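Quick notes on the structure that follows.
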Amino acid sequence: MSLINYSSREINVKIVYYGPGLCGKTSNIQYIYDKVSPDTKGKLITLATEMDRTLFFDFLPLELGTVKGFRTRFHLYTVPGQVYYDASRKLILRGVDGIVFVADSQKSRYDANIESVYNLHENLGEYNLKLDEIPYAIQYNKRDLPDIIAVDDLEQELNPQHLPSFEAVAVKGVGVFDTLKAVAKSVLRNLS
Amino acid sequence: MVRTNWKVFEEDYWAISTTLQELLKNANAASVLLLDKTGQLISSVGEPPEFDMYSFASLCAADFEANAQLAKLIGEKDFSTLYHQGSNESMYLARVENNIILVVLFDKRTTLGLVRLRTKKAVDNLETVIRQLYDKLEYENEEMNEFDEEFAAEAELEIDTLFSD
């Protein structure tokens with residue numbers, strides 16, 4: 001749910017990184033935080049457990065600059081991936097403008113990906129939203145690891161609608177900005 | 001149900017700001033913020049805080065929502081207000097309509113009782129403004145839309161510049 005303030009000429013939009021536990025959602029946000037120039041980013045907030053697992057969410061506000069007189073900001077959120085944090089995931093999806101689904105390419109995480117996509121559909125349904133109505137991209141992460149699933153197979157199972165998809169190695173930054181750019185552009189195009 | 005899109009127009013913004021300014025003065029608070037339940041900051045008045053307001057707003061929304069879930073577990077609809085007491089700085093949060101949260105930051109220059117009292121009146125005023133704004137959004141026409149093809153093209157250029165390795 002974008003917030004457009006005509007008086008202060010501001011637009012704020014919300015992009016959520018979704019996906020199974022340990023798929024690399026926080027790594028995406030961390031890489032973005034490390035790379036963008038200091039004057040465009042706010043504080044990176046991480047609500048994590050002692051084991052560095054996301055407990056509630058990560059949050060990173062980014063200032064895009066002024067577009068046609070409107071100061072435009074992206075608010076990036078990650079959800080906790082672990083199955084039992086479903087209530088938190090649902091809350092974070094509230095008012096979402098765009099979604100990045102981060103899939104873990106490893107064979108051992110195949111079922112976790114499927115379960116998480118299904119969970120995303122279910123939770124969006126709670127807000128009367130459908131995935132094909134929201135700017136969306138899927139990222140196949142951890143492409144540098146051994147024992148991974150072929151992208152075609154992942155596409156078939158996780159992205160039958162053939163929405164934009166990207167291969168990535170989030171910890172090294174590969175594919176991180178490409179994924180974000182695709183969703184960010186689509187979100188702002190949605191306003192027009 | 002969350003509104004799918006939401007906009008604040010000039011006159012609503014000033015009506016909101018006036019109410020927030022009055023609350024700030026009458027409650028002797030340090031600063032007052034208005035945000036929506038998704039964590040988006042709508043307006044703020046008072047001493048500019050040293051922390052990042054956008055992060056603060058997102059955490060306030062999360063705090064309010066987490067407490068609403070706790071309320072449901074114990075059989076309440078929600079908690080319409082929350083109070084966090086610190087040794088120097090404290091904060092008081094109140095729900096406005098269904099989707100808006102008013103946050104008052106205050107210190108020892110005032111008391112909780114006064115903050116609570118003045119906030120209640122501000123919430124009433126804000127609810128009137130917000131309801132009018134909702135009505136306006138229902139009847140919004142195409143002409144209000146400034147986000148055309150030119151906007152999208154300019155935005156894409158900015159995105160390419162900001163998000164580069």
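Letters A, B, ... mark the chains of the structure tokens in the order given; residue numbers begin at 1 per chain; ligand numbers begin at 1, in order shown.
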
Need the shell around Ser90 of chain B: protein/DNA/RNA residues with any atom at most 7 Å away, counting only C-alpha atoms. Skip same-chain ones fewer than 4 positions apart. Format as a count of residues only?
6

Could you give me, as a list in words, the residues within 8 Å of segment 156-158 of chain A, counting only C-alpha atoms and dropping anything in the same chain fewer than 2 positions from it?
Asn113, Ile114, Val117, Asp152, Asp153, Leu154 and Pro160 of chain A

Preceding selection exported with N, CA and C atoms as a compact mmCIF listing (two decimals), in the first residue's frame:
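Output contents, as saved in selection_19.txt:
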```txt
# COMPACT_ATOMS: atom_id res chain seq x y z
N ASN A 113 10.84 -24.49 -0.36
CA ASN A 113 10.46 -23.44 -1.31
C ASN A 113 8.98 -23.55 -1.68
N ILE A 114 8.58 -24.76 -2.00
CA ILE A 114 7.19 -24.98 -2.42
C ILE A 114 6.24 -24.58 -1.30
N VAL A 117 6.06 -20.73 -1.02
CA VAL A 117 5.25 -20.10 -2.07
C VAL A 117 3.76 -20.28 -1.75
N ASP A 152 15.41 -24.40 -14.84
CA ASP A 152 14.18 -24.79 -15.54
C ASP A 152 13.22 -25.55 -14.63
N ASP A 153 13.80 -26.42 -13.82
CA ASP A 153 12.95 -27.20 -12.90
C ASP A 153 12.35 -26.31 -11.82
N LEU A 154 13.14 -25.36 -11.34
CA LEU A 154 12.63 -24.43 -10.32
C LEU A 154 11.51 -23.57 -10.92
N PRO A 160 5.24 -20.97 -12.42
CA PRO A 160 4.54 -21.42 -13.63
C PRO A 160 3.96 -20.26 -14.44
```

Using only C-alpha atoms, I'd like every residue of chain B that has an atom within 6 Å of chain A; please write them out as an MDAnalysis selection string.
chainID B and resid 4:10 38 147:148 152 155:156 163

Could you write those residues out with N, CA and C atoms, as a CSV table (one decimal), in the first residue's frame?
```
chain,number,residue,atom,x,y,z
B,4,THR,N,-6.3,-0.3,0.0
B,4,THR,CA,-5.3,-0.8,-1.0
B,4,THR,C,-4.4,0.3,-1.4
B,5,ASN,N,-4.8,1.6,-1.3
B,5,ASN,CA,-4.0,2.7,-1.7
B,5,ASN,C,-4.4,3.8,-0.8
B,6,TRP,N,-3.4,4.8,-0.6
B,6,TRP,CA,-3.9,5.8,0.2
B,6,TRP,C,-3.1,7.1,0.0
B,7,LYS,N,-3.8,8.2,0.0
B,7,LYS,CA,-3.2,9.4,-0.4
B,7,LYS,C,-3.6,10.5,0.6
B,8,VAL,N,-2.7,11.4,0.9
B,8,VAL,CA,-3.0,12.5,1.7
B,8,VAL,C,-2.9,13.8,0.9
B,9,PHE,N,-4.0,14.6,0.9
B,9,PHE,CA,-4.1,15.8,0.1
B,9,PHE,C,-3.7,17.0,1.0
B,10,GLU,N,-3.5,18.1,0.3
B,10,GLU,CA,-3.0,19.3,0.9
B,10,GLU,C,-3.9,19.7,2.2
B,38,THR,N,0.8,0.2,8.3
B,38,THR,CA,1.9,-0.6,7.6
B,38,THR,C,3.3,0.0,7.9
B,147,PHE,N,0.7,10.5,-11.8
B,147,PHE,CA,1.7,9.5,-12.1
B,147,PHE,C,1.5,8.9,-13.5
B,148,ASP,N,2.0,9.6,-14.5
B,148,ASP,CA,1.9,9.3,-15.8
B,148,ASP,C,3.1,8.5,-16.4
B,152,ALA,N,6.9,7.4,-14.7
B,152,ALA,CA,7.4,6.1,-14.7
B,152,ALA,C,8.8,6.1,-15.3
B,155,ALA,N,11.3,7.7,-13.0
B,155,ALA,CA,11.5,6.8,-11.8
B,155,ALA,C,12.5,5.7,-12.2
B,156,GLU,N,12.3,5.1,-13.4
B,156,GLU,CA,13.2,4.0,-13.8
B,156,GLU,C,14.6,4.5,-13.9
B,163,PHE,N,20.4,1.8,-7.6
B,163,PHE,CA,20.7,0.4,-7.4
B,163,PHE,C,21.7,-0.1,-8.4
```

Find the residues around segment 135-139 of chain A up to 6 Å (only C-alpha atoms counted), leave out those fewer than 4 positions away in its own chain, and share them as number ranges by chain.
A: 98-103, 164-167, 183, 186-187

Please report, as JSON, numbers by chain, each residue of chain A to which DSSP assigns alpha helix (DSSP H) when run on this structure's backbone.
{"A": [25, 26, 27, 28, 29, 30, 31, 32, 33, 34, 35, 86, 87, 88, 89, 90, 91, 92, 93, 110, 111, 112, 113, 114, 115, 116, 117, 118, 119, 120, 121, 122, 123, 124, 125, 126, 151, 152, 153, 154, 155, 156, 157, 158, 176, 177, 178, 179, 180, 181, 182, 183, 184, 185, 186, 187, 188, 189, 190, 191]}

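Proximity of A:Tyr140, A:Phe74, A:Tyr110, A:Tyr85 to Leu162 of chain B, computed with only C-alpha atoms, is greatest for A:Phe74.
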
From a DSSP calculation on the backbone, collect every residue of segment 39-136 of chain B in strand (DSSP E or B) and output the set as a VMD selection string.
chain B and resid 41 to 46 81 to 84 90 to 96 100 to 106

If you keep N, CA and C atoms, can you produce a file of those selected residues as a CSV table (one decimal), in the first residue's frame?
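Final file, result31.csv:
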```
chain,number,residue,atom,x,y,z
B,41,LEU,N,5.2,6.6,7.6
B,41,LEU,CA,5.1,7.9,8.4
B,41,LEU,C,4.2,8.9,7.6
B,42,ILE,N,3.2,9.4,8.2
B,42,ILE,CA,2.3,10.4,7.5
B,42,ILE,C,2.8,11.8,7.8
B,43,SER,N,3.0,12.1,9.1
B,43,SER,CA,3.4,13.5,9.5
B,43,SER,C,4.1,13.4,10.9
B,44,SER,N,4.9,14.4,11.1
B,44,SER,CA,5.5,14.5,12.5
B,44,SER,C,5.7,16.0,12.8
B,45,VAL,N,5.6,16.3,14.1
B,45,VAL,CA,5.8,17.7,14.6
B,45,VAL,C,6.7,17.6,15.9
B,46,GLY,N,7.3,18.7,16.2
B,46,GLY,CA,8.1,18.8,17.4
B,46,GLY,C,9.5,18.8,17.2
B,81,THR,N,-4.7,1.8,23.1
B,81,THR,CA,-3.5,2.6,23.5
B,81,THR,C,-2.4,1.7,24.1
B,82,LEU,N,-1.2,2.2,23.9
B,82,LEU,CA,-0.1,1.5,24.5
B,82,LEU,C,0.8,2.5,25.2
B,83,TYR,N,1.5,2.1,26.3
B,83,TYR,CA,2.4,3.1,27.0
B,83,TYR,C,3.7,2.4,27.3
B,84,HIS,N,4.8,3.0,26.9
B,84,HIS,CA,6.1,2.5,27.2
B,84,HIS,C,6.8,3.5,28.0
B,90,SER,N,9.6,8.6,27.4
B,90,SER,CA,8.5,7.6,27.3
B,90,SER,C,7.7,7.8,26.1
B,91,MET,N,6.9,6.9,25.7
B,91,MET,CA,6.0,7.0,24.5
B,91,MET,C,4.6,6.5,24.8
B,92,TYR,N,3.7,7.1,24.2
B,92,TYR,CA,2.3,6.8,24.3
B,92,TYR,C,1.7,6.6,22.9
B,93,LEU,N,1.1,5.5,22.6
B,93,LEU,CA,0.6,5.2,21.3
B,93,LEU,C,-0.9,5.0,21.3
B,94,ALA,N,-1.6,5.6,20.4
B,94,ALA,CA,-3.1,5.5,20.3
B,94,ALA,C,-3.6,5.2,18.9
B,95,ARG,N,-4.6,4.3,18.8
B,95,ARG,CA,-5.1,4.0,17.5
B,95,ARG,C,-6.1,5.1,17.1
B,96,VAL,N,-6.0,5.5,15.8
B,96,VAL,CA,-6.9,6.4,15.2
B,96,VAL,C,-7.7,5.7,14.1
B,100,ILE,N,-4.7,3.9,11.5
B,100,ILE,CA,-3.7,5.0,11.8
B,100,ILE,C,-3.2,4.9,13.3
B,101,ILE,N,-2.0,5.2,13.5
B,101,ILE,CA,-1.4,5.2,14.9
B,101,ILE,C,-0.8,6.6,15.2
B,102,LEU,N,-1.2,7.1,16.4
B,102,LEU,CA,-0.7,8.4,16.8
B,102,LEU,C,0.4,8.1,17.9
B,103,VAL,N,1.6,8.6,17.8
B,103,VAL,CA,2.6,8.3,18.7
B,103,VAL,C,3.1,9.6,19.4
B,104,VAL,N,3.1,9.7,20.7
B,104,VAL,CA,3.5,10.9,21.4
B,104,VAL,C,4.8,10.5,22.2
B,105,LEU,N,5.8,11.2,21.9
B,105,LEU,CA,7.1,11.1,22.7
B,105,LEU,C,7.2,12.2,23.7
B,106,PHE,N,7.4,11.8,25.0
B,106,PHE,CA,7.5,12.8,26.0
B,106,PHE,C,8.5,12.5,27.1
```

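Nearest residue to Lys107 of chain A, choosing from A:Asp58, A:Asp147, A:Gly24, A:Tyr18 and counting only C-alpha atoms: A:Asp147.
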
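Residues in contact range of Glu22 of chain B, defined as at most 12 Å between only C-alpha atoms, with sequence neighbours fewer than 3 positions away removed, read Ala15, Ile16, Ser17, Thr18, Thr19, Lys25, Asn26, Ala27, Asn28, Ala29, Ser31, Val32, Val45, Gly46, Val115, Arg118, Thr119, Lys121, Ala122, Val123, Asn125 and Leu126 of chain B.
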
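Across the structure, atom CA of Lys108 of chain B and atom CA of Glu47 of chain B are spaced 14.9 Å apart.
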